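Here is model.cif, consisting of mmCIF, N, CA and C atoms:
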data_structure
loop_
_atom_site.group_PDB
_atom_site.id
_atom_site.type_symbol
_atom_site.label_atom_id
_atom_site.label_comp_id
_atom_site.auth_asym_id
_atom_site.auth_seq_id
_atom_site.Cartn_x
_atom_site.Cartn_y
_atom_site.Cartn_z
ATOM 1 N N MET A 1 -28.656 215.191 130.848
ATOM 2 C CA MET A 1 -27.231 215.048 131.100
ATOM 3 C C MET A 1 -26.541 214.425 129.897
ATOM 4 N N ALA A 2 -25.314 214.825 129.683
ATOM 5 C CA ALA A 2 -24.529 214.307 128.574
ATOM 6 C C ALA A 2 -23.807 213.023 128.993
ATOM 7 N N VAL A 3 -23.354 212.261 128.016
ATOM 8 C CA VAL A 3 -22.665 210.995 128.268
ATOM 9 C C VAL A 3 -21.527 211.183 129.269
ATOM 10 N N MET A 4 -20.646 212.141 129.013
ATOM 11 C CA MET A 4 -19.465 212.286 129.871
ATOM 12 C C MET A 4 -19.836 212.740 131.285
ATOM 13 N N ASP A 5 -20.941 213.451 131.440
ATOM 14 C CA ASP A 5 -21.416 213.805 132.783
ATOM 15 C C ASP A 5 -21.829 212.551 133.542
ATOM 16 N N LEU A 6 -22.548 211.660 132.871
ATOM 17 C CA LEU A 6 -22.981 210.410 133.501
ATOM 18 C C LEU A 6 -21.788 209.515 133.813
ATOM 19 N N VAL A 7 -20.832 209.470 132.903
ATOM 20 C CA VAL A 7 -19.654 208.618 133.065
ATOM 21 C C VAL A 7 -18.831 209.044 134.279
ATOM 22 N N GLY A 8 -18.791 210.330 134.557
ATOM 23 C CA GLY A 8 -17.997 210.836 135.667
ATOM 24 C C GLY A 8 -18.565 210.531 137.042
ATOM 25 N N GLN A 9 -19.775 210.017 137.097
ATOM 26 C CA GLN A 9 -20.422 209.785 138.379
ATOM 27 C C GLN A 9 -20.114 208.443 139.027
ATOM 28 N N ARG A 10 -19.678 207.462 138.245
ATOM 29 C CA ARG A 10 -19.429 206.111 138.771
ATOM 30 C C ARG A 10 -18.191 205.521 138.112
ATOM 31 N N PRO A 11 -17.512 204.564 138.784
ATOM 32 C CA PRO A 11 -16.316 203.960 138.194
ATOM 33 C C PRO A 11 -16.594 203.012 137.031
ATOM 34 N N LEU A 12 -17.813 202.492 136.945
ATOM 35 C CA LEU A 12 -18.178 201.580 135.858
ATOM 36 C C LEU A 12 -19.548 201.976 135.331
ATOM 37 N N VAL A 13 -19.589 202.360 134.060
ATOM 38 C CA VAL A 13 -20.837 202.808 133.439
ATOM 39 C C VAL A 13 -21.043 202.036 132.147
ATOM 40 N N ILE A 14 -22.264 201.538 131.980
ATOM 41 C CA ILE A 14 -22.630 200.807 130.768
ATOM 42 C C ILE A 14 -23.847 201.472 130.148
ATOM 43 N N PHE A 15 -23.732 201.810 128.865
ATOM 44 C CA PHE A 15 -24.875 202.275 128.103
ATOM 45 C C PHE A 15 -25.372 201.075 127.323
ATOM 46 N N SER A 16 -26.671 200.831 127.415
ATOM 47 C CA SER A 16 -27.250 199.588 126.941
ATOM 48 C C SER A 16 -28.605 199.861 126.313
ATOM 49 N N LYS A 17 -29.233 198.813 125.826
ATOM 50 C CA LYS A 17 -30.639 198.847 125.425
ATOM 51 C C LYS A 17 -31.286 197.612 126.032
ATOM 52 N N SER A 18 -32.513 197.762 126.482
ATOM 53 C CA SER A 18 -33.174 196.693 127.229
ATOM 54 C C SER A 18 -33.388 195.430 126.406
ATOM 55 N N ASN A 19 -33.428 195.536 125.086
ATOM 56 C CA ASN A 19 -33.664 194.358 124.239
ATOM 57 C C ASN A 19 -32.382 193.799 123.620
ATOM 58 N N CYS A 20 -31.224 194.214 124.123
ATOM 59 C CA CYS A 20 -29.935 193.805 123.555
ATOM 60 C C CYS A 20 -29.343 192.654 124.371
ATOM 61 N N CYS A 21 -29.305 191.459 123.783
ATOM 62 C CA CYS A 21 -28.806 190.295 124.524
ATOM 63 C C CYS A 21 -27.303 190.382 124.778
ATOM 64 N N ILE A 22 -26.549 191.003 123.878
ATOM 65 C CA ILE A 22 -25.102 191.166 124.098
ATOM 66 C C ILE A 22 -24.881 192.106 125.286
ATOM 67 N N CYS A 23 -25.678 193.176 125.351
ATOM 68 C CA CYS A 23 -25.577 194.113 126.483
ATOM 69 C C CYS A 23 -25.832 193.377 127.793
ATOM 70 N N TYR A 24 -26.846 192.531 127.790
ATOM 71 C CA TYR A 24 -27.174 191.753 128.983
ATOM 72 C C TYR A 24 -25.995 190.861 129.375
ATOM 73 N N SER A 25 -25.388 190.198 128.413
ATOM 74 C CA SER A 25 -24.259 189.305 128.688
ATOM 75 C C SER A 25 -23.065 190.062 129.255
ATOM 76 N N ILE A 26 -22.776 191.230 128.705
ATOM 77 C CA ILE A 26 -21.661 192.039 129.199
ATOM 78 C C ILE A 26 -21.941 192.495 130.624
ATOM 79 N N THR A 27 -23.164 192.900 130.884
ATOM 80 C CA THR A 27 -23.546 193.322 132.242
ATOM 81 C C THR A 27 -23.385 192.166 133.226
ATOM 82 N N GLN A 28 -23.795 190.978 132.823
ATOM 83 C CA GLN A 28 -23.666 189.808 133.693
ATOM 84 C C GLN A 28 -22.204 189.488 133.976
ATOM 85 N N LEU A 29 -21.355 189.689 132.996
ATOM 86 C CA LEU A 29 -19.920 189.482 133.194
ATOM 87 C C LEU A 29 -19.415 190.385 134.321
ATOM 88 N N PHE A 30 -19.807 191.643 134.304
ATOM 89 C CA PHE A 30 -19.381 192.575 135.354
ATOM 90 C C PHE A 30 -19.966 192.199 136.712
ATOM 91 N N TYR A 31 -21.219 191.774 136.731
ATOM 92 C CA TYR A 31 -21.813 191.316 137.990
ATOM 93 C C TYR A 31 -21.035 190.125 138.549
ATOM 94 N N GLY A 32 -20.522 189.286 137.671
ATOM 95 C CA GLY A 32 -19.734 188.135 138.090
ATOM 96 C C GLY A 32 -18.457 188.531 138.827
ATOM 97 N N PHE A 33 -17.956 189.716 138.536
ATOM 98 C CA PHE A 33 -16.783 190.238 139.243
ATOM 99 C C PHE A 33 -17.172 190.932 140.547
ATOM 100 N N GLY A 34 -18.460 191.056 140.808
ATOM 101 C CA GLY A 34 -18.921 191.753 141.995
ATOM 102 C C GLY A 34 -19.077 193.245 141.787
ATOM 103 N N ALA A 35 -19.045 193.681 140.534
ATOM 104 C CA ALA A 35 -19.192 195.105 140.220
ATOM 105 C C ALA A 35 -20.658 195.515 140.305
ATOM 106 N N ASN A 36 -20.865 196.788 140.542
ATOM 107 C CA ASN A 36 -22.209 197.360 140.575
ATOM 108 C C ASN A 36 -22.240 198.532 139.599
ATOM 109 N N PRO A 37 -22.345 198.230 138.308
ATOM 110 C CA PRO A 37 -22.261 199.290 137.306
ATOM 111 C C PRO A 37 -23.496 200.192 137.296
ATOM 112 N N ALA A 38 -23.296 201.419 136.867
ATOM 113 C CA ALA A 38 -24.423 202.281 136.517
ATOM 114 C C ALA A 38 -24.812 201.878 135.105
ATOM 115 N N ILE A 39 -26.061 201.533 134.925
ATOM 116 C CA ILE A 39 -26.540 201.065 133.625
ATOM 117 C C ILE A 39 -27.601 202.035 133.121
ATOM 118 N N TYR A 40 -27.381 202.539 131.924
ATOM 119 C CA TYR A 40 -28.322 203.457 131.304
ATOM 120 C C TYR A 40 -28.913 202.781 130.076
ATOM 121 N N GLU A 41 -30.192 202.439 130.164
ATOM 122 C CA GLU A 41 -30.912 201.791 129.059
ATOM 123 C C GLU A 41 -31.413 202.885 128.125
ATOM 124 N N LEU A 42 -30.745 203.053 127.002
ATOM 125 C CA LEU A 42 -31.035 204.165 126.103
ATOM 126 C C LEU A 42 -32.468 204.157 125.583
ATOM 127 N N ASP A 43 -33.033 202.976 125.394
ATOM 128 C CA ASP A 43 -34.396 202.893 124.875
ATOM 129 C C ASP A 43 -35.455 203.195 125.937
ATOM 130 N N GLN A 44 -35.031 203.395 127.173
ATOM 131 C CA GLN A 44 -35.977 203.697 128.246
ATOM 132 C C GLN A 44 -35.773 205.092 128.836
ATOM 133 N N LEU A 45 -34.825 205.829 128.294
ATOM 134 C CA LEU A 45 -34.537 207.170 128.795
ATOM 135 C C LEU A 45 -35.122 208.215 127.861
ATOM 136 N N GLN A 46 -35.628 209.295 128.436
ATOM 137 C CA GLN A 46 -36.195 210.372 127.645
ATOM 138 C C GLN A 46 -35.160 210.961 126.680
ATOM 139 N N ASN A 47 -33.922 211.074 127.136
ATOM 140 C CA ASN A 47 -32.860 211.630 126.284
ATOM 141 C C ASN A 47 -31.987 210.532 125.671
ATOM 142 N N GLY A 48 -32.524 209.328 125.565
ATOM 143 C CA GLY A 48 -31.766 208.188 125.060
ATOM 144 C C GLY A 48 -31.233 208.374 123.649
ATOM 145 N N LYS A 49 -32.025 208.964 122.770
ATOM 146 C CA LYS A 49 -31.579 209.181 121.380
ATOM 147 C C LYS A 49 -30.395 210.142 121.345
ATOM 148 N N GLN A 50 -30.442 211.190 122.166
ATOM 149 C CA GLN A 50 -29.337 212.141 122.225
ATOM 150 C C GLN A 50 -28.073 211.457 122.751
ATOM 151 N N LEU A 51 -28.215 210.662 123.815
ATOM 152 C CA LEU A 51 -27.063 209.932 124.363
ATOM 153 C C LEU A 51 -26.490 208.978 123.319
ATOM 154 N N GLU A 52 -27.358 208.326 122.571
ATOM 155 C CA GLU A 52 -26.891 207.400 121.534
ATOM 156 C C GLU A 52 -26.105 208.149 120.452
ATOM 157 N N ARG A 53 -26.575 209.332 120.058
ATOM 158 C CA ARG A 53 -25.830 210.136 119.074
ATOM 159 C C ARG A 53 -24.452 210.508 119.610
ATOM 160 N N GLU A 54 -24.376 210.822 120.899
ATOM 161 C CA GLU A 54 -23.083 211.154 121.506
ATOM 162 C C GLU A 54 -22.143 209.944 121.490
ATOM 163 N N LEU A 55 -22.670 208.770 121.768
ATOM 164 C CA LEU A 55 -21.854 207.555 121.753
ATOM 165 C C LEU A 55 -21.335 207.262 120.346
ATOM 166 N N VAL A 56 -22.179 207.442 119.346
ATOM 167 C CA VAL A 56 -21.756 207.242 117.956
ATOM 168 C C VAL A 56 -20.662 208.259 117.607
ATOM 169 N N ALA A 57 -20.825 209.500 118.071
ATOM 170 C CA ALA A 57 -19.818 210.537 117.811
ATOM 171 C C ALA A 57 -18.479 210.193 118.457
ATOM 172 N N LEU A 58 -18.511 209.403 119.535
ATOM 173 C CA LEU A 58 -17.271 208.957 120.183
ATOM 174 C C LEU A 58 -16.616 207.799 119.427
ATOM 175 N N GLY A 59 -17.308 207.308 118.394
ATOM 176 C CA GLY A 59 -16.736 206.254 117.564
ATOM 177 C C GLY A 59 -17.310 204.872 117.799
ATOM 178 N N LEU A 60 -18.353 204.773 118.568
ATOM 179 C CA LEU A 60 -18.939 203.462 118.838
ATOM 180 C C LEU A 60 -19.922 203.069 117.743
ATOM 181 N N GLN A 61 -19.666 201.950 117.117
ATOM 182 C CA GLN A 61 -20.549 201.387 116.099
ATOM 183 C C GLN A 61 -20.585 199.888 116.304
ATOM 184 N N PRO A 62 -21.615 199.259 116.775
ATOM 185 C CA PRO A 62 -22.870 199.857 117.189
ATOM 186 C C PRO A 62 -22.696 200.660 118.482
ATOM 187 N N SER A 63 -23.723 201.417 118.813
ATOM 188 C CA SER A 63 -23.621 202.325 119.956
ATOM 189 C C SER A 63 -23.687 201.611 121.304
ATOM 190 N N VAL A 64 -24.261 200.415 121.351
ATOM 191 C CA VAL A 64 -24.356 199.681 122.618
ATOM 192 C C VAL A 64 -23.887 198.243 122.425
ATOM 193 N N PRO A 65 -23.354 197.603 123.444
ATOM 194 C CA PRO A 65 -23.046 198.200 124.735
ATOM 195 C C PRO A 65 -21.855 199.151 124.620
ATOM 196 N N ALA A 66 -21.883 200.175 125.430
ATOM 197 C CA ALA A 66 -20.773 201.114 125.522
ATOM 198 C C ALA A 66 -20.311 201.096 126.974
ATOM 199 N N VAL A 67 -19.058 200.716 127.191
ATOM 200 C CA VAL A 67 -18.549 200.527 128.553
ATOM 201 C C VAL A 67 -17.460 201.548 128.845
ATOM 202 N N PHE A 68 -17.623 202.213 129.969
ATOM 203 C CA PHE A 68 -16.637 203.167 130.469
ATOM 204 C C PHE A 68 -16.140 202.656 131.816
ATOM 205 N N ILE A 69 -14.838 202.543 131.953
ATOM 206 C CA ILE A 69 -14.230 202.113 133.209
ATOM 207 C C ILE A 69 -13.303 203.229 133.670
ATOM 208 N N GLY A 70 -13.538 203.698 134.890
ATOM 209 C CA GLY A 70 -12.715 204.778 135.420
ATOM 210 C C GLY A 70 -12.807 206.053 134.601
ATOM 211 N N GLY A 71 -13.984 206.314 134.040
ATOM 212 C CA GLY A 71 -14.194 207.512 133.261
ATOM 213 C C GLY A 71 -13.664 207.452 131.845
ATOM 214 N N LYS A 72 -13.088 206.324 131.459
ATOM 215 C CA LYS A 72 -12.476 206.148 130.147
ATOM 216 C C LYS A 72 -13.309 205.200 129.298
ATOM 217 N N LEU A 73 -13.504 205.578 128.043
ATOM 218 C CA LEU A 73 -14.211 204.702 127.121
ATOM 219 C C LEU A 73 -13.347 203.485 126.827
ATOM 220 N N VAL A 74 -13.861 202.303 127.186
ATOM 221 C CA VAL A 74 -13.157 201.058 126.869
ATOM 222 C C VAL A 74 -13.648 200.540 125.524
ATOM 223 N N GLY A 75 -14.938 200.658 125.287
ATOM 224 C CA GLY A 75 -15.492 200.232 124.009
ATOM 225 C C GLY A 75 -16.742 199.398 124.188
ATOM 226 N N GLY A 76 -16.957 198.538 123.217
ATOM 227 C CA GLY A 76 -18.142 197.689 123.218
ATOM 228 C C GLY A 76 -17.814 196.269 123.624
ATOM 229 N N SER A 77 -18.649 195.351 123.192
ATOM 230 C CA SER A 77 -18.511 193.956 123.608
ATOM 231 C C SER A 77 -17.191 193.342 123.145
ATOM 232 N N ASN A 78 -16.737 193.666 121.941
ATOM 233 C CA ASN A 78 -15.471 193.091 121.458
ATOM 234 C C ASN A 78 -14.303 193.486 122.351
ATOM 235 N N GLU A 79 -14.231 194.756 122.705
ATOM 236 C CA GLU A 79 -13.129 195.233 123.544
ATOM 237 C C GLU A 79 -13.195 194.635 124.946
ATOM 238 N N ILE A 80 -14.397 194.529 125.492
ATOM 239 C CA ILE A 80 -14.547 193.951 126.837
ATOM 240 C C ILE A 80 -14.154 192.486 126.824
ATOM 241 N N MET A 81 -14.616 191.740 125.829
ATOM 242 C CA MET A 81 -14.285 190.320 125.765
ATOM 243 C C MET A 81 -12.795 190.113 125.507
ATOM 244 N N SER A 82 -12.176 190.986 124.739
ATOM 245 C CA SER A 82 -10.723 190.892 124.513
ATOM 246 C C SER A 82 -9.969 191.085 125.821
ATOM 247 N N LEU A 83 -10.379 192.072 126.610
ATOM 248 C CA LEU A 83 -9.746 192.278 127.919
ATOM 249 C C LEU A 83 -9.928 191.050 128.803
ATOM 250 N N GLN A 84 -11.109 190.470 128.777
ATOM 251 C CA GLN A 84 -11.393 189.294 129.602
ATOM 252 C C GLN A 84 -10.532 188.103 129.165
ATOM 253 N N VAL A 85 -10.448 187.864 127.876
ATOM 254 C CA VAL A 85 -9.665 186.734 127.355
ATOM 255 C C VAL A 85 -8.186 186.899 127.698
ATOM 256 N N ARG A 86 -7.697 188.127 127.653
ATOM 257 C CA ARG A 86 -6.286 188.394 127.985
ATOM 258 C C ARG A 86 -6.045 188.445 129.495
ATOM 259 N N GLY A 87 -7.111 188.314 130.286
ATOM 260 C CA GLY A 87 -6.966 188.342 131.741
ATOM 261 C C GLY A 87 -6.726 189.730 132.305
ATOM 262 N N GLU A 88 -7.125 190.761 131.583
ATOM 263 C CA GLU A 88 -6.860 192.134 131.992
ATOM 264 C C GLU A 88 -8.082 192.882 132.520
ATOM 265 N N LEU A 89 -9.268 192.316 132.349
ATOM 266 C CA LEU A 89 -10.481 193.033 132.730
ATOM 267 C C LEU A 89 -10.548 193.273 134.236
ATOM 268 N N LYS A 90 -10.257 192.249 135.016
ATOM 269 C CA LYS A 90 -10.333 192.398 136.469
ATOM 270 C C LYS A 90 -9.377 193.483 136.968
ATOM 271 N N SER A 91 -8.173 193.530 136.428
ATOM 272 C CA SER A 91 -7.223 194.545 136.880
ATOM 273 C C SER A 91 -7.692 195.950 136.497
ATOM 274 N N GLU A 92 -8.347 196.083 135.354
ATOM 275 C CA GLU A 92 -8.911 197.387 134.967
ATOM 276 C C GLU A 92 -9.998 197.812 135.951
ATOM 277 N N LEU A 93 -10.829 196.865 136.342
ATOM 278 C CA LEU A 93 -11.900 197.162 137.295
ATOM 279 C C LEU A 93 -11.329 197.513 138.667
ATOM 280 N N LEU A 94 -10.300 196.803 139.082
ATOM 281 C CA LEU A 94 -9.642 197.105 140.358
ATOM 282 C C LEU A 94 -9.005 198.492 140.325
ATOM 283 N N ARG A 95 -8.330 198.801 139.250
ATOM 284 C CA ARG A 95 -7.661 200.096 139.109
ATOM 285 C C ARG A 95 -8.662 201.251 139.207
ATOM 286 N N ALA A 96 -9.849 201.047 138.641
ATOM 287 C CA ALA A 96 -10.885 202.084 138.646
ATOM 288 C C ALA A 96 -11.712 202.078 139.930
ATOM 289 N N LYS A 97 -11.406 201.127 140.818
ATOM 290 C CA LYS A 97 -12.174 200.951 142.055
ATOM 291 C C LYS A 97 -13.650 200.600 141.779
ATOM 292 N N ALA A 98 -13.861 199.896 140.675
ATOM 293 C CA ALA A 98 -15.199 199.407 140.329
ATOM 294 C C ALA A 98 -15.493 198.099 141.053
ATOM 295 N N ILE A 99 -14.413 197.415 141.480
ATOM 296 C CA ILE A 99 -14.545 196.226 142.331
ATOM 297 C C ILE A 99 -13.450 196.336 143.384
ATOM 298 N N HIS A 100 -13.566 195.499 144.385
ATOM 299 C CA HIS A 100 -12.568 195.477 145.460
ATOM 300 C C HIS A 100 -11.765 194.199 145.388
ATOM 301 N N LEU A 101 -10.608 194.200 145.983
ATOM 302 C CA LEU A 101 -9.686 193.077 145.942
ATOM 303 C C LEU A 101 -10.332 191.780 146.450
ATOM 304 N N TRP A 102 -11.227 191.887 147.401
ATOM 305 C CA TRP A 102 -11.823 190.676 147.981
ATOM 306 C C TRP A 102 -12.917 190.096 147.080
ATOM 307 N N ASN A 103 -13.236 190.730 145.954
ATOM 308 C CA ASN A 103 -14.227 190.162 145.033
ATOM 309 C C ASN A 103 -13.605 189.073 144.193
#
Can I see the file as structure tokens?
Amino acid sequence: MAVMDLVGQRPLVIFSKSNCCICYSITQLFYGFGANPAIYELDQLQNGKQLERELVALGLQPSVPAVFIGGKLVGGSNEIMSLQVRGELKSELLRAKAIHLWN
């Protein structure tokens, strides 16, 4: 499956690598909001190298973490942390139905 096929299946998708501490931190941030993201560990997937090439082609450098909210590429850790600092991350997750109001 291609990146955009996987992204279309869930409201919150994270492409990660199992040995990436920043990826882990970003994932924990989403769990803190009560989100249940689809997480694809590129280093553990048979087609992980192909998915990583697709992420780089989308402009991600480095390729992980790559976060999609509501089917839209938000970016990597810098973009996610910027949204969080500005107080906008939760509203993005709510808009995409990745979390519920009671979270």
Counting all atoms listed in the file, which of A:Leu93, A:Gly87, A:Asp5, A:Lys49 gets nearest to A:Gly70?
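That would be A:Leu93, the residue with the smallest distance to A:Gly70.
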Output the residue selection produced by the PyMOL selection byres ((chain A and resi 99) around 8) on the file above, formatted as a PyMOL selection string.
chain A and resi 11-12+33-36+90+92-98+100-103
Just N, CA and C atoms for this one: save the residues we selected as an mmCIF file, in the coordinates of the input.
data_model
loop_
_atom_site.group_PDB
_atom_site.id
_atom_site.type_symbol
_atom_site.label_atom_id
_atom_site.label_comp_id
_atom_site.auth_asym_id
_atom_site.auth_seq_id
_atom_site.Cartn_x
_atom_site.Cartn_y
_atom_site.Cartn_z
ATOM 1 N N PRO A 11 -17.512 204.564 138.784
ATOM 2 C CA PRO A 11 -16.316 203.960 138.194
ATOM 3 C C PRO A 11 -16.594 203.012 137.031
ATOM 4 N N LEU A 12 -17.813 202.492 136.945
ATOM 5 C CA LEU A 12 -18.178 201.580 135.858
ATOM 6 C C LEU A 12 -19.548 201.976 135.331
ATOM 7 N N PHE A 33 -17.956 189.716 138.536
ATOM 8 C CA PHE A 33 -16.783 190.238 139.243
ATOM 9 C C PHE A 33 -17.172 190.932 140.547
ATOM 10 N N GLY A 34 -18.460 191.056 140.808
ATOM 11 C CA GLY A 34 -18.921 191.753 141.995
ATOM 12 C C GLY A 34 -19.077 193.245 141.787
ATOM 13 N N ALA A 35 -19.045 193.681 140.534
ATOM 14 C CA ALA A 35 -19.192 195.105 140.220
ATOM 15 C C ALA A 35 -20.658 195.515 140.305
ATOM 16 N N ASN A 36 -20.865 196.788 140.542
ATOM 17 C CA ASN A 36 -22.209 197.360 140.575
ATOM 18 C C ASN A 36 -22.240 198.532 139.599
ATOM 19 N N LYS A 90 -10.257 192.249 135.016
ATOM 20 C CA LYS A 90 -10.333 192.398 136.469
ATOM 21 C C LYS A 90 -9.377 193.483 136.968
ATOM 22 N N GLU A 92 -8.347 196.083 135.354
ATOM 23 C CA GLU A 92 -8.911 197.387 134.967
ATOM 24 C C GLU A 92 -9.998 197.812 135.951
ATOM 25 N N LEU A 93 -10.829 196.865 136.342
ATOM 26 C CA LEU A 93 -11.900 197.162 137.295
ATOM 27 C C LEU A 93 -11.329 197.513 138.667
ATOM 28 N N LEU A 94 -10.300 196.803 139.082
ATOM 29 C CA LEU A 94 -9.642 197.105 140.358
ATOM 30 C C LEU A 94 -9.005 198.492 140.325
ATOM 31 N N ARG A 95 -8.330 198.801 139.250
ATOM 32 C CA ARG A 95 -7.661 200.096 139.109
ATOM 33 C C ARG A 95 -8.662 201.251 139.207
ATOM 34 N N ALA A 96 -9.849 201.047 138.641
ATOM 35 C CA ALA A 96 -10.885 202.084 138.646
ATOM 36 C C ALA A 96 -11.712 202.078 139.930
ATOM 37 N N LYS A 97 -11.406 201.127 140.818
ATOM 38 C CA LYS A 97 -12.174 200.951 142.055
ATOM 39 C C LYS A 97 -13.650 200.600 141.779
ATOM 40 N N ALA A 98 -13.861 199.896 140.675
ATOM 41 C CA ALA A 98 -15.199 199.407 140.329
ATOM 42 C C ALA A 98 -15.493 198.099 141.053
ATOM 43 N N HIS A 100 -13.566 195.499 144.385
ATOM 44 C CA HIS A 100 -12.568 195.477 145.460
ATOM 45 C C HIS A 100 -11.765 194.199 145.388
ATOM 46 N N LEU A 101 -10.608 194.200 145.983
ATOM 47 C CA LEU A 101 -9.686 193.077 145.942
ATOM 48 C C LEU A 101 -10.332 191.780 146.450
ATOM 49 N N TRP A 102 -11.227 191.887 147.401
ATOM 50 C CA TRP A 102 -11.823 190.676 147.981
ATOM 51 C C TRP A 102 -12.917 190.096 147.080
ATOM 52 N N ASN A 103 -13.236 190.730 145.954
ATOM 53 C CA ASN A 103 -14.227 190.162 145.033
ATOM 54 C C ASN A 103 -13.605 189.073 144.193
#
Where does the PyMOL selection byres (((chain A and resi 75 and name CA) around 12) and name CA) land in this file, that is, which residues does it pick, as an NGL selection string?
:A and (13-15 or 26 or 55-56 or 58-69 or 71-74 or 76-83)
Take the residues from that selection and put them in a file with N, CA and C atoms, as a compact mmCIF listing (two decimals), keeping the file's coordinate frame.
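The resulting result24.txt:
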# COMPACT_ATOMS: atom_id res chain seq x y z
N VAL A 13 -19.59 202.36 134.06
CA VAL A 13 -20.84 202.81 133.44
C VAL A 13 -21.04 202.04 132.15
N ILE A 14 -22.26 201.54 131.98
CA ILE A 14 -22.63 200.81 130.77
C ILE A 14 -23.85 201.47 130.15
N PHE A 15 -23.73 201.81 128.86
CA PHE A 15 -24.88 202.28 128.10
C PHE A 15 -25.37 201.08 127.32
N ILE A 26 -22.78 191.23 128.71
CA ILE A 26 -21.66 192.04 129.20
C ILE A 26 -21.94 192.50 130.62
N LEU A 55 -22.67 208.77 121.77
CA LEU A 55 -21.85 207.56 121.75
C LEU A 55 -21.34 207.26 120.35
N VAL A 56 -22.18 207.44 119.35
CA VAL A 56 -21.76 207.24 117.96
C VAL A 56 -20.66 208.26 117.61
N LEU A 58 -18.51 209.40 119.54
CA LEU A 58 -17.27 208.96 120.18
C LEU A 58 -16.62 207.80 119.43
N GLY A 59 -17.31 207.31 118.39
CA GLY A 59 -16.74 206.25 117.56
C GLY A 59 -17.31 204.87 117.80
N LEU A 60 -18.35 204.77 118.57
CA LEU A 60 -18.94 203.46 118.84
C LEU A 60 -19.92 203.07 117.74
N GLN A 61 -19.67 201.95 117.12
CA GLN A 61 -20.55 201.39 116.10
C GLN A 61 -20.58 199.89 116.30
N PRO A 62 -21.62 199.26 116.78
CA PRO A 62 -22.87 199.86 117.19
C PRO A 62 -22.70 200.66 118.48
N SER A 63 -23.72 201.42 118.81
CA SER A 63 -23.62 202.32 119.96
C SER A 63 -23.69 201.61 121.30
N VAL A 64 -24.26 200.42 121.35
CA VAL A 64 -24.36 199.68 122.62
C VAL A 64 -23.89 198.24 122.42
N PRO A 65 -23.35 197.60 123.44
CA PRO A 65 -23.05 198.20 124.74
C PRO A 65 -21.86 199.15 124.62
N ALA A 66 -21.88 200.18 125.43
CA ALA A 66 -20.77 201.11 125.52
C ALA A 66 -20.31 201.10 126.97
N VAL A 67 -19.06 200.72 127.19
CA VAL A 67 -18.55 200.53 128.55
C VAL A 67 -17.46 201.55 128.84
N PHE A 68 -17.62 202.21 129.97
CA PHE A 68 -16.64 203.17 130.47
C PHE A 68 -16.14 202.66 131.82
N ILE A 69 -14.84 202.54 131.95
CA ILE A 69 -14.23 202.11 133.21
C ILE A 69 -13.30 203.23 133.67
N GLY A 71 -13.98 206.31 134.04
CA GLY A 71 -14.19 207.51 133.26
C GLY A 71 -13.66 207.45 131.84
N LYS A 72 -13.09 206.32 131.46
CA LYS A 72 -12.48 206.15 130.15
C LYS A 72 -13.31 205.20 129.30
N LEU A 73 -13.50 205.58 128.04
CA LEU A 73 -14.21 204.70 127.12
C LEU A 73 -13.35 203.48 126.83
N VAL A 74 -13.86 202.30 127.19
CA VAL A 74 -13.16 201.06 126.87
C VAL A 74 -13.65 200.54 125.52
N GLY A 76 -16.96 198.54 123.22
CA GLY A 76 -18.14 197.69 123.22
C GLY A 76 -17.81 196.27 123.62
N SER A 77 -18.65 195.35 123.19
CA SER A 77 -18.51 193.96 123.61
C SER A 77 -17.19 193.34 123.14
N ASN A 78 -16.74 193.67 121.94
CA ASN A 78 -15.47 193.09 121.46
C ASN A 78 -14.30 193.49 122.35
N GLU A 79 -14.23 194.76 122.70
CA GLU A 79 -13.13 195.23 123.54
C GLU A 79 -13.20 194.64 124.95
N ILE A 80 -14.40 194.53 125.49
CA ILE A 80 -14.55 193.95 126.84
C ILE A 80 -14.15 192.49 126.82
N MET A 81 -14.62 191.74 125.83
CA MET A 81 -14.28 190.32 125.76
C MET A 81 -12.80 190.11 125.51
N SER A 82 -12.18 190.99 124.74
CA SER A 82 -10.72 190.89 124.51
C SER A 82 -9.97 191.08 125.82
N LEU A 83 -10.38 192.07 126.61
CA LEU A 83 -9.75 192.28 127.92
C LEU A 83 -9.93 191.05 128.80
For a test of reading the model, state the distance in Å between atom C of A:Arg10 and atom N of A:Val85, rounded to one decimal.
21.8 Å
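Our summary of the geometry notes that atom C of A:Arg53 is positioned 16.3 Å from atom C of A:Ile39.
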Hey, which of A:Ser18, A:Ala57, A:Arg86, A:Gly8 ends up closest to A:Leu42? Count all atoms listed in the file.
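Smallest distance to A:Leu42 is found for A:Ser18.
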Backbone DSSP call of strand (DSSP E or B) for chain A, listed as a PyMOL selection string
chain A and resi 12-16+38-41+66-69+72-75
Evaluating the PyMOL selection byres ((chain A and resi 43-48) around 8) on the displayed file yields which residues, as a PyMOL selection string?
chain A and resi 1+16-19+40-42+49-54
At what distance in Å, to one decimal, does atom CA of A:Ala2 lie from atom N of A:Gln84?
27.4 Å
Using the chain letters and numbers from this document, which residues of chain A does DSSP assign to helix (DSSP H, G or I), as a VMD selection string?
chain A and resid 3 to 7 21 to 32 42 to 44 48 to 57 77 to 85 89 to 95
